[in-house]
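Written out below as structure tokens is the structure these notes cover.
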Amino acid sequence: MISEPFSSGSTLFHCSDARVKVIGGTVLSLVLATTTSFAVAMIGFLFTSLLLLISRPSPGLILKRIATVNIFTLFLLFSLPLTYGGADIVQLQYFQISLDGMRIACLIAIKTNGILFCFLALLATSSTVSLGHALERLRLPRKLVFLLLFSYRQLFVIHQEYLRLHRAAQLRAFTPSNSLHTYRTYSHLFGMTLVKSWNRAERVHQAMILRGFDGRLIPLKQPQLRKSDYLLLASLLLISLILAGFSLNNPV
């Protein structure tokens, strides 16, 4: 299920308004994603690493996230130098190593980790509910925000229904194996999970209508922007603007 291990804390980012982190994180990640400059990508990576250190996350959880994301980048680091081609090629017996491919792979790895650190430091320090309400206050379509928040809530409902049905199957001595009976049981299990989750969602919707639901989820807290939030937003946008300027002037 969805876990939010980085959303609790007392650092600067945990106490900042979610709207500030959404805007700053989006702009900074877009700059890193679109740059073709190796120097700009490295500076952005170092800056987002500093942001991650300020958020003071759990080292074990961070290493797991980094390892999961870099499985893809490791594949690129091994494949692109052998398949990219280009003018600069080094011949090593049976292999041709493309220096351009190696550079592109390293650039992608640095940008990927920089964006990951940006999201972990800024967006992951807020709960999904806080981010959803922040998007609504940023004038995103209310229906999309409602769909995000309600889908997030219903994922837990579906998971609970699945666990309940799975426990019922185990109590009836169901033992998974490579057999037609097992496949049929799991297909019935998934189907009944969706049916029961749908029925429960209908009951929840009816209960919400009886309580005056008008299509908007009202948050329990209404955070107000503080001076520190404006300062954080200005700093993030300034760094993003500087990196974008360097990227335009030095595209390589």
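Residues are referred to by chain and number: the chain letter is A, B, ... according to the order shown in the structure tokens, the number counts from 1 in that chain, and ligands are numbered separately from 1 in the order shown.
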DSSP says alpha helix (DSSP H) for which residues of segment 11-169 of chain A? Put them as an MDAnalysis selection string? chainID A and resid 12:15 18:34 38:55 59:83 99:118 128:137 142:169
Using DSSP on the backbone, list every residue of segment 64-202 of chain A that comes out as strand (DSSP E), and give them as a PDB file with C-alpha atoms, in the first residue's frame.
```
ATOM      1  CA  ILE A  89      34.164   5.288 -30.477  1.00  0.00           C
ATOM      2  CA  VAL A  90      36.738   3.254 -28.571  1.00  0.00           C
ATOM      3  CA  GLN A  91      37.412  -0.278 -29.839  1.00  0.00           C
ATOM      4  CA  LEU A  92      37.864  -2.895 -27.107  1.00  0.00           C
ATOM      5  CA  PHE A  95      33.079  -4.333 -28.191  1.00  0.00           C
ATOM      6  CA  GLN A  96      32.787  -0.777 -29.433  1.00  0.00           C
ATOM      7  CA  ILE A  97      32.371   1.766 -26.616  1.00  0.00           C
ATOM      8  CA  SER A  98      30.650   4.995 -27.642  1.00  0.00           C
TER       9      SER A  98
END
```
Could you check the closest approach to Phe156 of chain A for each of A:Val69, A:Leu122, A:Ile108, A:Ala201 and tell me which residue wins, using only C-alpha atoms?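 Residue with the minimum atom-to-atom distance to Phe156 of chain A: A:Ala201.
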Do you know which residues are at most 10 Å from Leu135 of chain A counting only C-alpha atoms, after dropping those on the same chain fewer than 2 positions away, and could you put them as a VMD selection string? chain A and resid 18 to 19 22 to 23 129 to 133 137 to 142 144 to 145
Met192 of chain A surroundings by only C-alpha atoms, 10 Å radius, close-in-sequence under 6 positions cut, as an NGL selection string: :A and (161-162 or 165 or 186 or 198)
